[in-house]
Amino acid sequence: MNPILFSIFLFLSSQNSPAQVELNFGGGLFQGNPAGKIEVGFDAISDSIGFGLVAPFITSYKNNNFEFYSRGWDSPGDYAHTIRYLSWRGQHNQLKGQIRIGEEYNFTLGNSLLMHHFNNLIFMDHQHSSGSLDLKDDNLHLQGFMNDFVEPEIFGGTLSFNFLSRYKLGASFLLDNKFPKELSDPENMSHSIDIDQERGKLTPFSTTKFFNSSIFANFNFNQYWSAGITLSSLKPDSFDYYGGQIHLEAKFEPKNFKLGFKTSVAGGFDKFSPWLMDSFYLMRRYYSEIDAGQTTLHEKLSNKTNPGWGGNFDFFLGYKDNLFLEGGIKHTDLNSVFHMSGEFIITKKFILAFYGAGDLSKNYMFSMISRISVYKNWYLWGQAKRLFAIIPGNNYYESSSCYLAGIGYKLRTGN
């Protein structure tokens, strides 16, 4: 185990706080082959720190051989992904803060024009544990994000402040530090895409920096309704990459419920397109249309000749601590995407959590986990995923599935 993780483990174990160790056994299908899974988990919560660690070990049977799933353990980011969550929360006077490392499949930054329901867990073989920062008081709000706290490539942040009780002004930025420019050598047509078949990773021939920025202003009509305007640039030194967004948002909290929606329209110049960093971004940066050739998103934007435009609608619904559901749809000049996620908890005996997203042309992905208590510390669990991976022998991303179920045992310590 990494020395830092081991130190955190020892610290939390030494606290007189609730902790839980879990051991899961099961089997099913993994990437189309019979498979077995053993998983070890640890969770601990102190007054200000929460820590969850999960280490899955999968063995598949294919080509008349048992094969350990090594792609999930062949990079520093893979090992770091054993951290499902590591969070710190604190408060000093009116200032509240949170630092979090962990899984993130639905992250939105600022007014959402730059990062809109970003999914960091799109690849089956190489998922990420992201890092985020959130500091706020009555007047200021600082938000930060990076897609992988060990091997970061994407960074973002928002700073906003409230004034005159109804107004908010802010600015956001996003930087993709390794934005794929060309997948293969344009001067050598026989040069193929560089694929690490053993690790299932694609290495672009060239990369560049993709810097997005925006400024926004919001107005609260009352405690329920608000509206805002955002101006954005996908490339600060070229007006062809400029655009903007206006939105209307509503939030209501009747007894035991929370519900709301947000609708937006956006438009811009020839090289602009709204909400690029969405659920499929980590794959579209390589293949702008996923299944249609080898055009990177950089090339797609550079060759655009029509104004960018789009609209989206998002909603959420919550009931006590038992139900949370959110979803939405967006349609732009480049693509159309819908997403849905939810959590259901019934008397702590049954838990179901899911996430799904689809490109309205042909691509979709989902992830679901469930658990039901059966006897004392024993429970049944199920897991289903359809994500993306580079299948051995191919040089492009395609669907990769996992359907597993089994039995688990949990041991609790502390209070």
# chains A, B, ... in the order shown; residues from 1 in each chain; ligands from 1
>>> residues_around(residues="Glu289 in chain A", least_positions_apart="2", cutoff="12 Å", atoms="only C-alpha atoms", output="PyMOL selection string")
chain A and resi 280-281+283-287+291-301+334-336+359-363+397
>>> write_last_selection(atoms="N, CA and C atoms", output="PDB file, in the first residue's frame")
ATOM      1  N   PHE A 280     -19.075  12.476 -22.107  1.00  0.00           N
ATOM      2  CA  PHE A 280     -18.251  11.706 -23.044  1.00  0.00           C
ATOM      3  C   PHE A 280     -16.938  12.394 -23.394  1.00  0.00           C
ATOM      4  N   TYR A 281     -16.609  13.478 -22.725  1.00  0.00           N
ATOM      5  CA  TYR A 281     -15.459  14.288 -23.140  1.00  0.00           C
ATOM      6  C   TYR A 281     -14.150  13.506 -23.162  1.00  0.00           C
ATOM      7  N   MET A 283     -13.421  10.663 -23.952  1.00  0.00           N
ATOM      8  CA  MET A 283     -13.262   9.878 -25.168  1.00  0.00           C
ATOM      9  C   MET A 283     -13.342  10.763 -26.406  1.00  0.00           C
ATOM     10  N   ARG A 284     -14.214  11.791 -26.381  1.00  0.00           N
ATOM     11  CA  ARG A 284     -14.361  12.648 -27.553  1.00  0.00           C
ATOM     12  C   ARG A 284     -13.120  13.501 -27.817  1.00  0.00           C
ATOM     13  N   ARG A 285     -12.316  13.732 -26.809  1.00  0.00           N
ATOM     14  CA  ARG A 285     -11.093  14.499 -27.082  1.00  0.00           C
ATOM     15  C   ARG A 285     -10.195  13.736 -28.051  1.00  0.00           C
ATOM     16  N   TYR A 286     -10.294  12.382 -28.062  1.00  0.00           N
ATOM     17  CA  TYR A 286      -9.563  11.562 -29.036  1.00  0.00           C
ATOM     18  C   TYR A 286     -10.354  11.390 -30.330  1.00  0.00           C
ATOM     19  N   TYR A 287     -11.629  11.015 -30.180  1.00  0.00           N
ATOM     20  CA  TYR A 287     -12.491  10.763 -31.340  1.00  0.00           C
ATOM     21  C   TYR A 287     -13.717  11.658 -31.209  1.00  0.00           C
ATOM     22  N   ASP A 291     -17.380   7.006 -33.050  1.00  0.00           N
ATOM     23  CA  ASP A 291     -17.298   5.868 -33.963  1.00  0.00           C
ATOM     24  C   ASP A 291     -17.052   6.273 -35.416  1.00  0.00           C
ATOM     25  N   ALA A 292     -16.844   7.552 -35.676  1.00  0.00           N
ATOM     26  CA  ALA A 292     -16.747   8.016 -37.064  1.00  0.00           C
ATOM     27  C   ALA A 292     -15.340   8.512 -37.377  1.00  0.00           C
ATOM     28  N   GLY A 293     -14.399   7.604 -37.502  1.00  0.00           N
ATOM     29  CA  GLY A 293     -13.064   7.972 -37.941  1.00  0.00           C
ATOM     30  C   GLY A 293     -12.141   8.390 -36.820  1.00  0.00           C
ATOM     31  N   GLN A 294     -11.076   9.095 -37.207  1.00  0.00           N
ATOM     32  CA  GLN A 294      -9.995   9.403 -36.289  1.00  0.00           C
ATOM     33  C   GLN A 294      -9.803  10.902 -36.100  1.00  0.00           C
ATOM     34  N   THR A 295     -10.862  11.675 -36.176  1.00  0.00           N
ATOM     35  CA  THR A 295     -10.778  13.122 -36.024  1.00  0.00           C
ATOM     36  C   THR A 295     -10.823  13.497 -34.553  1.00  0.00           C
ATOM     37  N   THR A 296      -9.793  14.182 -34.064  1.00  0.00           N
ATOM     38  CA  THR A 296      -9.789  14.624 -32.677  1.00  0.00           C
ATOM     39  C   THR A 296     -10.740  15.805 -32.508  1.00  0.00           C
ATOM     40  N   LEU A 297     -11.097  16.099 -31.265  1.00  0.00           N
ATOM     41  CA  LEU A 297     -11.948  17.253 -30.996  1.00  0.00           C
ATOM     42  C   LEU A 297     -11.234  18.540 -31.411  1.00  0.00           C
ATOM     43  N   HIS A 298      -9.918  18.591 -31.216  1.00  0.00           N
ATOM     44  CA  HIS A 298      -9.139  19.756 -31.650  1.00  0.00           C
ATOM     45  C   HIS A 298      -9.311  19.981 -33.148  1.00  0.00           C
ATOM     46  N   GLU A 299      -9.202  18.918 -33.943  1.00  0.00           N
ATOM     47  CA  GLU A 299      -9.365  19.037 -35.396  1.00  0.00           C
ATOM     48  C   GLU A 299     -10.798  19.397 -35.762  1.00  0.00           C
ATOM     49  N   LYS A 300     -11.751  18.839 -35.034  1.00  0.00           N
ATOM     50  CA  LYS A 300     -13.160  19.117 -35.299  1.00  0.00           C
ATOM     51  C   LYS A 300     -13.465  20.606 -35.110  1.00  0.00           C
ATOM     52  N   LEU A 301     -12.987  21.186 -34.012  1.00  0.00           N
ATOM     53  CA  LEU A 301     -13.227  22.600 -33.755  1.00  0.00           C
ATOM     54  C   LEU A 301     -12.486  23.476 -34.758  1.00  0.00           C
ATOM     55  N   LEU A 334     -22.718  19.980 -32.325  1.00  0.00           N
ATOM     56  CA  LEU A 334     -21.800  18.858 -32.471  1.00  0.00           C
ATOM     57  C   LEU A 334     -22.385  17.520 -32.029  1.00  0.00           C
ATOM     58  N   ASN A 335     -23.225  17.516 -31.008  1.00  0.00           N
ATOM     59  CA  ASN A 335     -23.734  16.241 -30.508  1.00  0.00           C
ATOM     60  C   ASN A 335     -24.954  16.458 -29.618  1.00  0.00           C
ATOM     61  N   SER A 336     -25.580  15.333 -29.258  1.00  0.00           N
ATOM     62  CA  SER A 336     -26.718  15.345 -28.333  1.00  0.00           C
ATOM     63  C   SER A 336     -26.481  14.280 -27.277  1.00  0.00           C
ATOM     64  N   ASP A 359     -25.211   9.091 -25.939  1.00  0.00           N
ATOM     65  CA  ASP A 359     -25.130   9.952 -27.110  1.00  0.00           C
ATOM     66  C   ASP A 359     -26.310   9.541 -27.991  1.00  0.00           C
ATOM     67  N   LEU A 360     -27.150  10.479 -28.358  1.00  0.00           N
ATOM     68  CA  LEU A 360     -28.390  10.124 -29.048  1.00  0.00           C
ATOM     69  C   LEU A 360     -28.161   9.498 -30.415  1.00  0.00           C
ATOM     70  N   SER A 361     -26.909   9.476 -30.889  1.00  0.00           N
ATOM     71  CA  SER A 361     -26.647   8.811 -32.158  1.00  0.00           C
ATOM     72  C   SER A 361     -26.547   7.301 -31.971  1.00  0.00           C
ATOM     73  N   LYS A 362     -25.600   6.823 -31.139  1.00  0.00           N
ATOM     74  CA  LYS A 362     -25.442   5.369 -31.033  1.00  0.00           C
ATOM     75  C   LYS A 362     -24.730   4.895 -29.761  1.00  0.00           C
ATOM     76  N   ASN A 363     -24.151   5.774 -28.967  1.00  0.00           N
ATOM     77  CA  ASN A 363     -23.309   5.354 -27.849  1.00  0.00           C
ATOM     78  C   ASN A 363     -24.006   5.572 -26.508  1.00  0.00           C
ATOM     79  N   TYR A 397     -11.605   2.822 -29.213  1.00  0.00           N
ATOM     80  CA  TYR A 397     -12.428   2.533 -28.042  1.00  0.00           C
ATOM     81  C   TYR A 397     -13.754   1.899 -28.460  1.00  0.00           C
TER      82      TYR A 397
END
>>> residues_around(residues="Leu411 in chain A", least_positions_apart="4", cutoff="12 Å", atoms="only C-alpha atoms", output="ChimeraX atom specification")
/A:18-24,40-44,376-379
>>> closest_residue(among="A:Asn65, A:Ser273, A:Ser302, A:Gln143", to="Leu159 in chain A", atoms="only C-alpha atoms")
A:Gln143
>>> atom_distance(atom1="CA of Ile99 in chain A", atom2="CA of Met146 in chain A")
11.8 Å
>>> closest_residue(among="A:His117, A:Lys251, A:Lys96, A:His126", to="Leu142 in chain A", atoms="only C-alpha atoms")
A:Lys96
>>> closest_residue(among="A:Phe219, A:Phe145, A:Phe66, A:Phe313", to="Leu169 in chain A", atoms="only C-alpha atoms")
A:Phe219
>>> select_by_dssp(residues="range 304-389 of chain A", states="strand (DSSP E)", output="ChimeraX atom specification")
/A:309-319,323-332,336-346,350-359,364-375,378-389
>>> residues_around(residues="Asn188 in chain A", least_positions_apart="5", cutoff="12 Å", atoms="only C-alpha atoms", output="number ranges by chain")
A: 183, 193, 205
>>> write_last_selection(atoms="N, CA and C atoms", output="compact mmCIF listing (two decimals), in the first residue's frame")
# COMPACT_ATOMS: atom_id res chain seq x y z
N LEU A 183 -3.84 12.28 -33.77
CA LEU A 183 -3.66 10.91 -33.30
C LEU A 183 -2.49 10.22 -33.98
N ILE A 193 -1.89 4.71 -35.32
CA ILE A 193 -2.08 5.27 -34.00
C ILE A 193 -1.30 4.45 -32.98
N PHE A 205 -0.22 11.38 -31.32
CA PHE A 205 1.04 11.80 -31.94
C PHE A 205 1.46 13.16 -31.43
>>> residues_around(residues="Met365 in chain A", least_positions_apart="4", cutoff="12 Å", atoms="only C-alpha atoms", output="NGL selection string")
:A and (105 or 119 or 121-124 or 279-280 or 337-341 or 354-360 or 384-389 or 398-402)
>>> write_last_selection(atoms="N, CA and C atoms", output="PDB file, in the first residue's frame")
ATOM      1  N   TYR A 105     -18.379  11.073 -11.176  1.00  0.00           N
ATOM      2  CA  TYR A 105     -18.991  10.758 -12.461  1.00  0.00           C
ATOM      3  C   TYR A 105     -19.945  11.840 -12.934  1.00  0.00           C
ATOM      4  N   ASN A 119     -17.912  13.295 -16.666  1.00  0.00           N
ATOM      5  CA  ASN A 119     -17.784  11.940 -16.123  1.00  0.00           C
ATOM      6  C   ASN A 119     -16.320  11.529 -16.157  1.00  0.00           C
ATOM      7  N   LEU A 121     -15.208   8.630 -15.016  1.00  0.00           N
ATOM      8  CA  LEU A 121     -15.127   7.171 -14.889  1.00  0.00           C
ATOM      9  C   LEU A 121     -15.572   6.478 -16.175  1.00  0.00           C
ATOM     10  N   ILE A 122     -15.259   7.059 -17.304  1.00  0.00           N
ATOM     11  CA  ILE A 122     -15.775   6.558 -18.575  1.00  0.00           C
ATOM     12  C   ILE A 122     -15.042   5.319 -19.070  1.00  0.00           C
ATOM     13  N   PHE A 123     -13.776   5.128 -18.665  1.00  0.00           N
ATOM     14  CA  PHE A 123     -12.983   4.016 -19.168  1.00  0.00           C
ATOM     15  C   PHE A 123     -12.976   2.854 -18.177  1.00  0.00           C
ATOM     16  N   MET A 124     -13.271   1.669 -18.654  1.00  0.00           N
ATOM     17  CA  MET A 124     -13.302   0.484 -17.807  1.00  0.00           C
ATOM     18  C   MET A 124     -11.923   0.179 -17.221  1.00  0.00           C
ATOM     19  N   SER A 279     -20.305  14.324 -20.382  1.00  0.00           N
ATOM     20  CA  SER A 279     -20.165  12.934 -19.950  1.00  0.00           C
ATOM     21  C   SER A 279     -19.201  12.132 -20.826  1.00  0.00           C
ATOM     22  N   PHE A 280     -19.075  12.476 -22.107  1.00  0.00           N
ATOM     23  CA  PHE A 280     -18.251  11.706 -23.044  1.00  0.00           C
ATOM     24  C   PHE A 280     -16.938  12.394 -23.394  1.00  0.00           C
ATOM     25  N   VAL A 337     -26.664  14.643 -26.015  1.00  0.00           N
ATOM     26  CA  VAL A 337     -26.363  13.737 -24.911  1.00  0.00           C
ATOM     27  C   VAL A 337     -27.449  13.843 -23.844  1.00  0.00           C
ATOM     28  N   PHE A 338     -27.845  12.695 -23.294  1.00  0.00           N
ATOM     29  CA  PHE A 338     -28.708  12.702 -22.127  1.00  0.00           C
ATOM     30  C   PHE A 338     -27.989  11.978 -20.984  1.00  0.00           C
ATOM     31  N   HIS A 339     -28.354  12.298 -19.768  1.00  0.00           N
ATOM     32  CA  HIS A 339     -27.744  11.647 -18.607  1.00  0.00           C
ATOM     33  C   HIS A 339     -28.784  11.490 -17.511  1.00  0.00           C
ATOM     34  N   MET A 340     -28.550  10.504 -16.640  1.00  0.00           N
ATOM     35  CA  MET A 340     -29.457  10.242 -15.523  1.00  0.00           C
ATOM     36  C   MET A 340     -28.666   9.558 -14.418  1.00  0.00           C
ATOM     37  N   SER A 341     -28.888   9.960 -13.184  1.00  0.00           N
ATOM     38  CA  SER A 341     -28.250   9.298 -12.042  1.00  0.00           C
ATOM     39  C   SER A 341     -29.209   9.324 -10.863  1.00  0.00           C
ATOM     40  N   PHE A 354     -27.066   4.380  -9.353  1.00  0.00           N
ATOM     41  CA  PHE A 354     -26.822   4.174 -10.773  1.00  0.00           C
ATOM     42  C   PHE A 354     -26.461   5.487 -11.445  1.00  0.00           C
ATOM     43  N   TYR A 355     -25.790   5.359 -12.580  1.00  0.00           N
ATOM     44  CA  TYR A 355     -25.490   6.488 -13.437  1.00  0.00           C
ATOM     45  C   TYR A 355     -25.556   6.011 -14.877  1.00  0.00           C
ATOM     46  N   GLY A 356     -26.106   6.819 -15.747  1.00  0.00           N
ATOM     47  CA  GLY A 356     -26.160   6.460 -17.157  1.00  0.00           C
ATOM     48  C   GLY A 356     -26.103   7.692 -18.028  1.00  0.00           C
ATOM     49  N   ALA A 357     -25.538   7.542 -19.219  1.00  0.00           N
ATOM     50  CA  ALA A 357     -25.492   8.634 -20.179  1.00  0.00           C
ATOM     51  C   ALA A 357     -25.491   8.044 -21.580  1.00  0.00           C
ATOM     52  N   GLY A 358     -26.043   8.776 -22.503  1.00  0.00           N
ATOM     53  CA  GLY A 358     -26.094   8.295 -23.872  1.00  0.00           C
ATOM     54  C   GLY A 358     -25.907   9.410 -24.872  1.00  0.00           C
ATOM     55  N   ASP A 359     -25.211   9.091 -25.939  1.00  0.00           N
ATOM     56  CA  ASP A 359     -25.130   9.952 -27.110  1.00  0.00           C
ATOM     57  C   ASP A 359     -26.310   9.541 -27.991  1.00  0.00           C
ATOM     58  N   LEU A 360     -27.150  10.479 -28.358  1.00  0.00           N
ATOM     59  CA  LEU A 360     -28.390  10.124 -29.048  1.00  0.00           C
ATOM     60  C   LEU A 360     -28.161   9.498 -30.415  1.00  0.00           C
ATOM     61  N   ALA A 384     -23.173  -3.740 -12.245  1.00  0.00           N
ATOM     62  CA  ALA A 384     -23.294  -3.796 -13.698  1.00  0.00           C
ATOM     63  C   ALA A 384     -22.687  -2.528 -14.283  1.00  0.00           C
ATOM     64  N   LYS A 385     -21.886  -2.691 -15.334  1.00  0.00           N
ATOM     65  CA  LYS A 385     -21.260  -1.545 -15.989  1.00  0.00           C
ATOM     66  C   LYS A 385     -21.218  -1.773 -17.499  1.00  0.00           C
ATOM     67  N   ARG A 386     -21.384  -0.700 -18.220  1.00  0.00           N
ATOM     68  CA  ARG A 386     -21.080  -0.679 -19.649  1.00  0.00           C
ATOM     69  C   ARG A 386     -20.328   0.614 -19.918  1.00  0.00           C
ATOM     70  N   LEU A 387     -19.020   0.511 -20.027  1.00  0.00           N
ATOM     71  CA  LEU A 387     -18.162   1.666 -20.236  1.00  0.00           C
ATOM     72  C   LEU A 387     -17.404   1.478 -21.547  1.00  0.00           C
ATOM     73  N   PHE A 388     -16.190   2.030 -21.632  1.00  0.00           N
ATOM     74  CA  PHE A 388     -15.431   1.939 -22.866  1.00  0.00           C
ATOM     75  C   PHE A 388     -13.996   1.508 -22.580  1.00  0.00           C
ATOM     76  N   ALA A 389     -13.408   0.796 -23.545  1.00  0.00           N
ATOM     77  CA  ALA A 389     -12.039   0.315 -23.414  1.00  0.00           C
ATOM     78  C   ALA A 389     -11.487   0.001 -24.796  1.00  0.00           C
ATOM     79  N   GLU A 398     -14.162   0.906 -27.717  1.00  0.00           N
ATOM     80  CA  GLU A 398     -15.463   0.290 -27.942  1.00  0.00           C
ATOM     81  C   GLU A 398     -16.063  -0.098 -26.596  1.00  0.00           C
ATOM     82  N   SER A 399     -17.303  -0.533 -26.602  1.00  0.00           N
ATOM     83  CA  SER A 399     -17.994  -0.829 -25.349  1.00  0.00           C
ATOM     84  C   SER A 399     -17.335  -1.993 -24.618  1.00  0.00           C
ATOM     85  N   SER A 400     -17.330  -1.918 -23.301  1.00  0.00           N
ATOM     86  CA  SER A 400     -16.767  -2.959 -22.445  1.00  0.00           C
ATOM     87  C   SER A 400     -17.700  -3.119 -21.257  1.00  0.00           C
ATOM     88  N   SER A 401     -18.137  -4.346 -20.994  1.00  0.00           N
ATOM     89  CA  SER A 401     -19.180  -4.558 -19.993  1.00  0.00           C
ATOM     90  C   SER A 401     -18.702  -5.413 -18.827  1.00  0.00           C
ATOM     91  N   CYS A 402     -19.439  -5.312 -17.736  1.00  0.00           N
ATOM     92  CA  CYS A 402     -19.141  -6.056 -16.512  1.00  0.00           C
ATOM     93  C   CYS A 402     -20.463  -6.313 -15.797  1.00  0.00           C
TER      94      CYS A 402
END
>>> residues_around(residues="range 78-83 of chain A", least_positions_apart="5", cutoff="12 Å", atoms="only C-alpha atoms", output="mmCIF file with C-alpha atoms, in the first residue's frame")
data_model
loop_
_atom_site.group_PDB
_atom_site.id
_atom_site.type_symbol
_atom_site.label_atom_id
_atom_site.label_comp_id
_atom_site.auth_asym_id
_atom_site.auth_seq_id
_atom_site.Cartn_x
_atom_site.Cartn_y
_atom_site.Cartn_z
ATOM 1 C CA MET A 1 0.000 0.000 0.000
ATOM 2 C CA ASN A 2 1.155 3.564 -0.711
ATOM 3 C CA PRO A 3 2.813 5.069 2.444
ATOM 4 C CA ILE A 4 0.394 8.006 2.433
ATOM 5 C CA LEU A 5 -2.644 5.706 2.284
ATOM 6 C CA PHE A 6 -1.149 3.504 4.976
ATOM 7 C CA ILE A 8 -4.251 7.635 6.715
ATOM 8 C CA PHE A 9 -5.416 4.083 7.429
ATOM 9 C CA GLU A 39 -12.913 -7.283 -3.197
ATOM 10 C CA VAL A 40 -11.643 -5.798 0.056
ATOM 11 C CA GLY A 41 -13.036 -2.524 1.380
ATOM 12 C CA PHE A 42 -12.415 -0.236 4.323
ATOM 13 C CA ASP A 43 -14.451 2.774 5.477
ATOM 14 C CA GLY A 50 -14.012 10.409 5.798
ATOM 15 C CA PHE A 51 -12.023 7.667 4.092
ATOM 16 C CA GLY A 52 -13.102 4.813 1.853
ATOM 17 C CA LEU A 53 -10.757 2.304 0.239
ATOM 18 C CA VAL A 54 -11.775 -0.490 -2.173
ATOM 19 C CA ALA A 55 -9.395 -2.975 -3.828
ATOM 20 C CA PRO A 56 -11.028 -5.264 -6.433
ATOM 21 C CA PHE A 57 -9.257 -8.328 -7.852
ATOM 22 C CA SER A 70 -3.955 -6.533 -14.833
ATOM 23 C CA ARG A 71 -5.063 -3.434 -16.747
ATOM 24 C CA GLY A 72 -6.728 -2.152 -13.590
ATOM 25 C CA TRP A 73 -3.378 -2.259 -11.766
ATOM 26 C CA ARG A 100 -12.197 15.721 -1.494
ATOM 27 C CA ILE A 101 -10.404 12.967 -3.387
ATOM 28 C CA GLY A 102 -12.458 10.200 -4.946
ATOM 29 C CA GLU A 103 -14.704 8.932 -7.710
ATOM 30 C CA GLU A 104 -16.529 11.589 -9.697
ATOM 31 C CA ASN A 120 -14.345 10.923 -14.867
ATOM 32 C CA LEU A 121 -15.127 7.171 -14.889
ATOM 33 C CA PHE A 123 -12.983 4.016 -19.168
ATOM 34 C CA MET A 124 -13.302 0.484 -17.807
ATOM 35 C CA ASP A 125 -9.555 -0.133 -17.636
ATOM 36 C CA HIS A 126 -8.328 3.231 -16.372
ATOM 37 C CA GLN A 127 -10.677 5.119 -14.088
ATOM 38 C CA HIS A 128 -9.603 8.099 -12.016
ATOM 39 C CA SER A 129 -9.888 9.420 -8.486
ATOM 40 C CA SER A 130 -10.266 13.146 -8.911
ATOM 41 C CA GLY A 131 -9.491 15.973 -6.514
ATOM 42 C CA ASN A 147 -9.392 14.914 -12.963
ATOM 43 C CA ASP A 148 -6.705 12.750 -11.307
ATOM 44 C CA PHE A 149 -4.880 13.654 -8.123
ATOM 45 C CA VAL A 150 -1.867 11.466 -9.056
ATOM 46 C CA GLU A 151 -1.588 12.007 -12.832
ATOM 47 C CA PRO A 152 -3.670 15.161 -13.473
ATOM 48 C CA ARG A 199 -2.246 -1.480 -20.913
#
>>> atom_distance(atom1="CA of Ser48 in chain A", atom2="CA of Tyr85 in chain A")
13.3 Å
>>> select_by_dssp(residues="range 176-294 of chain A", states="alpha helix (DSSP H)", output="list in words")
Tyr281, Leu282, Met283 and Arg284 of chain A
>>> closest_residue(among="A:Ser233, A:Asn322, A:Asn312, A:Ser60", to="Leu248 in chain A", atoms="only C-alpha atoms")
A:Asn312
>>> atom_distance(atom1="CA of Ile246 in chain A", atom2="CA of Asp278 in chain A")
18.1 Å
>>> closest_residue(among="A:Gly32, A:Gly90, A:Gly144, A:Gly243", to="Gly308 in chain A", atoms="only C-alpha atoms")
A:Gly243
>>> residues_around(residues="Pro274 in chain A", least_positions_apart="3", cutoff="8 Å", atoms="only C-alpha atoms", output="MDAnalysis selection string")
chainID A and resid 113:114 243 266:267 308:310 332
>>> write_last_selection(atoms="N, CA and C atoms", output="PDB file, in the first residue's frame")
ATOM      1  N   LEU A 113     -21.240  26.134 -18.373  1.00  0.00           N
ATOM      2  CA  LEU A 113     -20.925  26.248 -19.792  1.00  0.00           C
ATOM      3  C   LEU A 113     -19.600  25.572 -20.131  1.00  0.00           C
ATOM      4  N   LEU A 114     -18.635  25.621 -19.204  1.00  0.00           N
ATOM      5  CA  LEU A 114     -17.333  24.998 -19.455  1.00  0.00           C
ATOM      6  C   LEU A 114     -17.327  23.517 -19.116  1.00  0.00           C
ATOM      7  N   GLY A 243     -18.244  32.569 -27.284  1.00  0.00           N
ATOM      8  CA  GLY A 243     -19.675  32.318 -27.247  1.00  0.00           C
ATOM      9  C   GLY A 243     -20.262  32.690 -25.901  1.00  0.00           C
ATOM     10  N   ALA A 266     -27.428  28.502 -25.647  1.00  0.00           N
ATOM     11  CA  ALA A 266     -26.094  29.036 -25.860  1.00  0.00           C
ATOM     12  C   ALA A 266     -25.825  29.193 -27.349  1.00  0.00           C
ATOM     13  N   GLY A 267     -24.892  30.074 -27.679  1.00  0.00           N
ATOM     14  CA  GLY A 267     -24.506  30.272 -29.061  1.00  0.00           C
ATOM     15  C   GLY A 267     -23.185  30.993 -29.147  1.00  0.00           C
ATOM     16  N   GLY A 308     -21.610  28.006 -33.492  1.00  0.00           N
ATOM     17  CA  GLY A 308     -21.969  27.040 -32.459  1.00  0.00           C
ATOM     18  C   GLY A 308     -23.266  27.422 -31.775  1.00  0.00           C
ATOM     19  N   TRP A 309     -24.042  26.434 -31.375  1.00  0.00           N
ATOM     20  CA  TRP A 309     -25.320  26.701 -30.718  1.00  0.00           C
ATOM     21  C   TRP A 309     -25.728  25.479 -29.895  1.00  0.00           C
ATOM     22  N   GLY A 310     -26.714  25.648 -29.026  1.00  0.00           N
ATOM     23  CA  GLY A 310     -27.207  24.509 -28.259  1.00  0.00           C
ATOM     24  C   GLY A 310     -28.205  24.910 -27.195  1.00  0.00           C
ATOM     25  N   THR A 332     -26.549  20.144 -29.164  1.00  0.00           N
ATOM     26  CA  THR A 332     -25.696  21.201 -29.693  1.00  0.00           C
ATOM     27  C   THR A 332     -25.412  20.947 -31.172  1.00  0.00           C
TER      28      THR A 332
END
>>> residues_around(residues="Ile58 in chain A", least_positions_apart="4", cutoff="6 Å", atoms="only C-alpha atoms", output="list in words")
Gly36, Lys37 and Tyr69 of chain A
>>> decode(residues="range 77-108 of chain A", atoms="C-alpha atoms", output="PDB file, in the first residue's frame")
ATOM      1  CA  GLY A  77      -3.635   6.359 -11.313  1.00  0.00           C
ATOM      2  CA  ASP A  78      -5.033   2.823 -11.117  1.00  0.00           C
ATOM      3  CA  TYR A  79      -3.597   2.321  -7.648  1.00  0.00           C
ATOM      4  CA  ALA A  80      -4.860   5.739  -6.585  1.00  0.00           C
ATOM      5  CA  HIS A  81      -8.343   4.754  -7.746  1.00  0.00           C
ATOM      6  CA  THR A  82      -8.566   2.358  -4.802  1.00  0.00           C
ATOM      7  CA  ILE A  83      -9.470   5.544  -2.913  1.00  0.00           C
ATOM      8  CA  ARG A  84     -13.216   5.760  -3.437  1.00  0.00           C
ATOM      9  CA  TYR A  85     -13.360   8.838  -1.219  1.00  0.00           C
ATOM     10  CA  LEU A  86     -11.080  10.808   1.087  1.00  0.00           C
ATOM     11  CA  SER A  87     -12.642  14.005   2.352  1.00  0.00           C
ATOM     12  CA  TRP A  88     -12.047  16.693   4.927  1.00  0.00           C
ATOM     13  CA  ARG A  89     -14.657  19.149   6.100  1.00  0.00           C
ATOM     14  CA  GLY A  90     -14.154  22.102   8.394  1.00  0.00           C
ATOM     15  CA  GLN A  91     -15.543  25.461   9.392  1.00  0.00           C
ATOM     16  CA  HIS A  92     -13.986  28.642  10.768  1.00  0.00           C
ATOM     17  CA  ASN A  93     -16.477  31.343  11.676  1.00  0.00           C
ATOM     18  CA  GLN A  94     -18.601  31.707   8.506  1.00  0.00           C
ATOM     19  CA  LEU A  95     -16.083  30.012   6.217  1.00  0.00           C
ATOM     20  CA  LYS A  96     -16.927  26.408   5.293  1.00  0.00           C
ATOM     21  CA  GLY A  97     -14.471  24.207   3.443  1.00  0.00           C
ATOM     22  CA  GLN A  98     -14.180  20.761   1.925  1.00  0.00           C
ATOM     23  CA  ILE A  99     -11.307  18.977   0.216  1.00  0.00           C
ATOM     24  CA  ARG A 100     -12.197  15.721  -1.494  1.00  0.00           C
ATOM     25  CA  ILE A 101     -10.404  12.967  -3.387  1.00  0.00           C
ATOM     26  CA  GLY A 102     -12.458  10.200  -4.946  1.00  0.00           C
ATOM     27  CA  GLU A 103     -14.704   8.932  -7.710  1.00  0.00           C
ATOM     28  CA  GLU A 104     -16.529  11.589  -9.697  1.00  0.00           C
ATOM     29  CA  TYR A 105     -18.991  10.758 -12.461  1.00  0.00           C
ATOM     30  CA  ASN A 106     -21.079  13.932 -12.519  1.00  0.00           C
ATOM     31  CA  PHE A 107     -19.159  17.171 -11.963  1.00  0.00           C
ATOM     32  CA  THR A 108     -20.342  20.627 -13.021  1.00  0.00           C
TER      33      THR A 108
END
